[in-house]
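J.: Take a look at the following structure, please.
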Amino acid sequence: MKRLGTLDASWLAVESEDTPMHVGNLQIFSLPEGAPETFLRDMITRMKETGDVAPPWCYKLAWSGLLGRVLAPAWKTDKDIDLDYHVRHSALPRPGGERELGILVSRLHSNPLDFARPLWECHVIEGLENNRFALYTKMHHSMIDGISGVRLMQRVLTTDPDKTGMAPPWSVRPERRRGSKTDSEASVPGAFSQAMDALKLQADMAPRLWQAGNRLVHSVRHPEDGLTAPFTGPVSKINHRVTGQRRFATQHYQLDRIKELSRVSGGSLNDIVLYLCGTALRRFLLEQDELPDTPLTAGIPVNIRPSDDQGTGTQISFMIASLATDEADPLTRLQNIKSSSRRAKEHLQKLPKSALTQYTMLLMSPYILQLMSGLGGRMRPVFNVTISNVPGPQRTLYYEGARLEAMYPVSLITHGGALNITCLSYAGSLNFGFTGCRDTLPSMQKLAVYTGEALDELERLILPPPAKPEAAEKPPATTKPRKPRKKPAPKN
């Protein structure tokens, strides 16, 4: 049996009918050239025939009832997993486009997971136009965060387009990190030593956490300091109660375009992402005459997982930055976002890595308490919208010879936060996934369109105009030879 950490357990505690706490990943593949009609059916059959289900796919809750989830959250291994239940085959009416796929994924993402089983589902979706299919996988947030979820799905893929007979995602085991210990290897003296080290660490971190808390309090009283504090964003259209039905939309950009804008503007890639989202939200709310006078704020998850860590669970911290939605001028808006983001990073970097988990709980406790107490969406939000940027694989990947064309993150929303925007990079592209409440945010798909138009506008404003092609030299004018004038005939 494996106990859950405090942050992982909190996602179970705030689960409700209207706010299921699972996250997903949508992968779009091109069928291999010459693939038989039965390619997907055969692939799913092989997937279900695997006899080995690896962690965390084999974990289920030790006590699936509400009291067990809240008071004693722990994992145990399910030794009799029904893969016919977890692995499902769907089809779009041919030829299915991006819109039809988005509608289906919205419906699949609206359904909660069964707490009596391992908390995941995998849906193979056929019928996409241009000879493509999709793989939508969802898993509870208590098991994975954005980074671990991408790494979990990436482990099964290959850079070899000719490789076949590949294992399904749930039977690929993570590589053990050097020096790591399993539960069976941990000794009683070792556990006692770890407990003493933890107590010493807590004592050492207390002053740093106190200083971080003081800086947040100071920023509330002195907003001119530049650090965006919790609860300073306004109550807006995206910060009310939500229902259980979801909408999902996607957008796709070349990563080089974003990088060039960050280089020319002197900001980071994340600054440009925040600018695109803030600009789209400003326009979306202006059209509905619901733009607040004060700027919306973004809660930005920050990965604190080591680069070689292939484990699961949640290992993130948070920073809060302004989206400058009150600023009409695009370039001033970008500058304000850059300043706010830089100040938030400086605040986080003053903490040692060993203190980041405790700081995250300090920062997120009001957020979790809002959700557990039923006050979420009924009072000022901790921040207005979650915006994440998850790094993904940069090489083209394949599964059973099928080329992975794109990956889109599908996230969760909560009371008080009816919109989540998550970006995922893959093979030179940046893929945006917009997850929203179907009832609270009608026409949410416009946000995806508006980010594209914001990108075009920013390029026109800060990039030099493309050089005009030099006019081709005209060939020298040719003069026709003049005809000799006829001499007049002599008069008689």
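In the structure tokens, each chain is lettered A, B, ... as it comes, each chain's residues begin at 1, and ligands are numbered from 1 in order of appearance.
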Do you know which residues are at most 6 Å from A:Gly436 counting only C-alpha atoms, after dropping those on the same chain fewer than 3 positions away, and could you put them as a list in words?
T.: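 Skipping anything fewer than 3 positions along the chain leaves Arg246, Arg247, Ala418 and Leu419 of chain A.
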J.: Near stretch 333-341 of chain A, within 10 Å and counting only C-alpha atoms, which residues show up once chain neighbours fewer than 6 positions away are dropped, as an mmCIF file with C-alpha atoms, in the first residue's frame?
T.:
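Saved as around24.cif:
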```
data_model
loop_
_atom_site.group_PDB
_atom_site.id
_atom_site.type_symbol
_atom_site.label_atom_id
_atom_site.label_comp_id
_atom_site.auth_asym_id
_atom_site.auth_seq_id
_atom_site.Cartn_x
_atom_site.Cartn_y
_atom_site.Cartn_z
ATOM 1 C CA ASP A 225 6.076 46.587 -5.898
ATOM 2 C CA GLY A 226 5.228 44.526 -8.990
ATOM 3 C CA LEU A 227 4.619 41.122 -7.378
ATOM 4 C CA THR A 228 1.124 39.829 -8.183
ATOM 5 C CA SER A 265 10.745 41.513 -27.474
ATOM 6 C CA GLY A 266 13.390 40.554 -24.909
ATOM 7 C CA GLY A 267 10.942 38.306 -23.074
ATOM 8 C CA SER A 268 10.591 34.572 -22.590
ATOM 9 C CA ASN A 270 6.151 31.937 -21.588
ATOM 10 C CA ASP A 271 5.732 35.727 -21.726
ATOM 11 C CA ILE A 272 4.508 35.455 -25.317
ATOM 12 C CA LEU A 274 0.718 34.790 -21.534
ATOM 13 C CA TYR A 275 0.383 37.735 -23.932
ATOM 14 C CA LEU A 276 -1.554 35.673 -26.491
ATOM 15 C CA GLY A 278 -4.371 37.690 -22.125
ATOM 16 C CA THR A 279 -5.062 39.429 -25.427
ATOM 17 C CA THR A 297 -4.308 37.171 -13.183
ATOM 18 C CA ALA A 298 -2.894 33.830 -14.257
ATOM 19 C CA ILE A 300 1.122 29.355 -13.718
ATOM 20 C CA MET A 319 3.512 31.529 -9.523
ATOM 21 C CA ILE A 320 0.949 34.254 -10.219
ATOM 22 C CA ALA A 321 1.325 36.924 -12.912
ATOM 23 C CA SER A 322 -0.802 39.710 -14.370
ATOM 24 C CA LEU A 323 -2.316 39.324 -17.839
ATOM 25 C CA ALA A 324 -2.638 43.135 -18.211
ATOM 26 C CA THR A 325 -6.128 42.785 -19.701
ATOM 27 C CA ASP A 326 -6.932 46.341 -18.561
ATOM 28 C CA GLU A 327 -4.338 47.760 -20.964
ATOM 29 C CA HIS A 347 10.042 35.617 -5.870
ATOM 30 C CA LEU A 458 2.125 41.104 -32.483
#
```
J.: So which residues of stretch 339-427 of chain A fall under strand (DSSP E or B) by DSSP, listed as a list in words?
T.: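 Selection result, strand (DSSP E or B) within stretch 339-427 of chain A: Val385, Thr386, Ile387, Ser388, Asn389, Val390, Tyr398, Tyr399, Ala402, Arg403, Leu404, Glu405, Ala406, Met407, Tyr408, Pro409, Val410, Thr414, Gly417, Leu419, Asn420, Ile421, Thr422, Cys423, Leu424, Ser425 and Tyr426 of chain A.
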J.: For stretch 391-404 of chain A, list every protein, DNA or RNA residue within 7 Å, evaluated using only C-alpha atoms, and leave out those in the same chain fewer than 5 positions away; present the list as a ChimeraX atom specification.
T.: /A:27-32,150,157-166,424-428
J.: Write a file of the selected residues as a tab-separated table (two decimals), in the first residue's frame, keeping C-alpha atoms.
T.:
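Done, and the output landed in again_9.tsv:
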```tsv
chain	number	residue	atom	x	y	z
A	27	GLN	CA	-2.67	12.44	-29.66
A	28	ILE	CA	-3.39	12.52	-33.40
A	29	PHE	CA	-1.67	9.95	-35.63
A	30	SER	CA	-1.44	9.32	-39.36
A	31	LEU	CA	-2.00	5.70	-40.34
A	32	PRO	CA	1.05	4.01	-41.85
A	150	VAL	CA	3.57	13.74	-21.05
A	157	LEU	CA	6.67	5.97	-28.51
A	158	THR	CA	9.68	5.58	-30.76
A	159	THR	CA	11.62	7.61	-33.31
A	160	ASP	CA	11.79	4.52	-35.56
A	161	PRO	CA	8.95	4.59	-38.14
A	162	ASP	CA	9.49	0.92	-38.95
A	163	LYS	CA	9.18	-0.46	-35.43
A	164	THR	CA	6.16	-2.70	-34.74
A	165	GLY	CA	4.98	-5.04	-32.00
A	166	MET	CA	5.17	-2.17	-29.51
A	424	LEU	CA	2.34	21.49	-25.12
A	425	SER	CA	5.33	21.64	-27.46
A	426	TYR	CA	6.03	18.83	-29.91
A	427	ALA	CA	8.35	18.50	-32.94
A	428	GLY	CA	8.66	22.22	-33.65
```
J.: Please build the interface table for stretch 333-451 of chain A against stretch 127-145 of chain A with a cut-off of 10 Å, listing for each qualifying residue the nearest atom pair and the distance in Å to one decimal; count only C-alpha atoms, order rows by chain and increasing number, and write it as a Markdown table.
T.:
```
| residue | atom | partner | partner_atom | distance |
| --- | --- | --- | --- | --- |
| A:Ala402 | CA | A:Arg132 | CA | 8.9 |
| A:Arg403 | CA | A:Arg132 | CA | 9.3 |
| A:Leu404 | CA | A:Ala134 | CA | 9.3 |
| A:Glu405 | CA | A:Arg132 | CA | 9.1 |
| A:Ala406 | CA | A:Ala134 | CA | 9.6 |
| A:Met407 | CA | A:Leu135 | CA | 9.5 |
| A:Tyr408 | CA | A:Tyr136 | CA | 9.4 |
| A:Pro409 | CA | A:Tyr136 | CA | 9.7 |
| A:Val410 | CA | A:Lys138 | CA | 8.3 |
| A:Ser411 | CA | A:His141 | CA | 9.3 |
| A:Leu412 | CA | A:His141 | CA | 8.6 |
```
J.: Take the selection from the previous step and output its residues with N, CA and C atoms, as a PDB file, in the first residue's frame.
T.:
```pdb
ATOM      1  N   ALA A 402       2.688   4.349 -37.084  1.00  0.00           N
ATOM      2  CA  ALA A 402       1.808   5.504 -37.266  1.00  0.00           C
ATOM      3  C   ALA A 402       2.524   6.763 -36.755  1.00  0.00           C
ATOM      4  N   ARG A 403       2.577   7.779 -37.566  1.00  0.00           N
ATOM      5  CA  ARG A 403       3.293   9.015 -37.236  1.00  0.00           C
ATOM      6  C   ARG A 403       2.447   9.889 -36.305  1.00  0.00           C
ATOM      7  N   LEU A 404       3.040  10.323 -35.194  1.00  0.00           N
ATOM      8  CA  LEU A 404       2.357  11.242 -34.279  1.00  0.00           C
ATOM      9  C   LEU A 404       2.406  12.638 -34.882  1.00  0.00           C
ATOM     10  N   GLU A 405       1.250  13.181 -35.250  1.00  0.00           N
ATOM     11  CA  GLU A 405       1.179  14.488 -35.901  1.00  0.00           C
ATOM     12  C   GLU A 405       1.077  15.636 -34.901  1.00  0.00           C
ATOM     13  N   ALA A 406       0.334  15.427 -33.822  1.00  0.00           N
ATOM     14  CA  ALA A 406       0.133  16.512 -32.848  1.00  0.00           C
ATOM     15  C   ALA A 406      -0.296  15.930 -31.511  1.00  0.00           C
ATOM     16  N   MET A 407       0.006  16.672 -30.437  1.00  0.00           N
ATOM     17  CA  MET A 407      -0.439  16.328 -29.083  1.00  0.00           C
ATOM     18  C   MET A 407      -1.080  17.553 -28.460  1.00  0.00           C
ATOM     19  N   TYR A 408      -2.244  17.367 -27.849  1.00  0.00           N
ATOM     20  CA  TYR A 408      -2.950  18.469 -27.205  1.00  0.00           C
ATOM     21  C   TYR A 408      -3.287  18.086 -25.759  1.00  0.00           C
ATOM     22  N   PRO A 409      -3.009  18.956 -24.803  1.00  0.00           N
ATOM     23  CA  PRO A 409      -3.387  18.683 -23.418  1.00  0.00           C
ATOM     24  C   PRO A 409      -4.861  19.010 -23.177  1.00  0.00           C
ATOM     25  N   VAL A 410      -5.519  18.168 -22.388  1.00  0.00           N
ATOM     26  CA  VAL A 410      -6.913  18.374 -21.987  1.00  0.00           C
ATOM     27  C   VAL A 410      -6.902  18.438 -20.466  1.00  0.00           C
ATOM     28  N   SER A 411      -7.273  19.581 -19.895  1.00  0.00           N
ATOM     29  CA  SER A 411      -7.048  19.780 -18.470  1.00  0.00           C
ATOM     30  C   SER A 411      -8.349  19.793 -17.675  1.00  0.00           C
ATOM     31  N   LEU A 412      -8.242  20.181 -16.419  1.00  0.00           N
ATOM     32  CA  LEU A 412      -9.401  20.219 -15.525  1.00  0.00           C
ATOM     33  C   LEU A 412      -9.774  21.662 -15.215  1.00  0.00           C
TER      34      LEU A 412
END
```
J.: When you look at A:Phe318 with a cut-off of 8 Å (counting only C-alpha atoms), what residues show up, excluding the ones that are within fewer than 3 positions of it in the same chain? I need them as a PyMOL selection string.
T.: chain A and resi 299-302+360+363
J.: I'd like the interatomic distance between atom CA of A:Ser429 and atom CA of A:Lys259, to a tenth of an Å.
T.: 10.8 Å
J.: Please list as a count of residues only every residue within 12 Å of A:Val172, counting only C-alpha atoms and excluding residues in the same chain fewer than 6 positions away.
T.: 19
J.: Mind pulling up the distance from atom CA of A:Cys423 to atom CA of A:Ala280?
T.: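 Separation of atom CA of A:Ala280 and atom CA of A:Cys423: 14.8 Å.
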J.: Within 7 Å of stretch 103-113 of chain A, counting only C-alpha atoms, which residues show up once you throw out same-chain ones fewer than 6 positions away? Write them as a VMD selection string, please.
T.: chain A and resid 20 119 to 120 244 to 248
J.: Write a file of the selected residues as a PDB file, in the first residue's frame, keeping C-alpha atoms.
T.:
```pdb
ATOM      1  CA  PRO A  20     -14.003  15.823 -11.880  1.00  0.00           C
ATOM      2  CA  LEU A 119      -8.234   5.864 -12.370  1.00  0.00           C
ATOM      3  CA  TRP A 120      -7.618   5.949 -16.126  1.00  0.00           C
ATOM      4  CA  GLY A 244     -19.990  19.000 -15.143  1.00  0.00           C
ATOM      5  CA  GLN A 245     -20.058  19.370 -18.950  1.00  0.00           C
ATOM      6  CA  ARG A 246     -16.916  20.492 -20.769  1.00  0.00           C
ATOM      7  CA  ARG A 247     -15.904  22.182 -23.989  1.00  0.00           C
ATOM      8  CA  PHE A 248     -12.544  21.535 -25.627  1.00  0.00           C
TER       9      PHE A 248
END
```
J.: Pick from A:Pro352, A:Gly102, A:Pro295, A:Gly416: nearest to A:Arg241, with only C-alpha atoms counted?
T.: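 Comparing A:Pro352, A:Gly102, A:Pro295, A:Gly416 against A:Arg241, the winner is A:Gly416.
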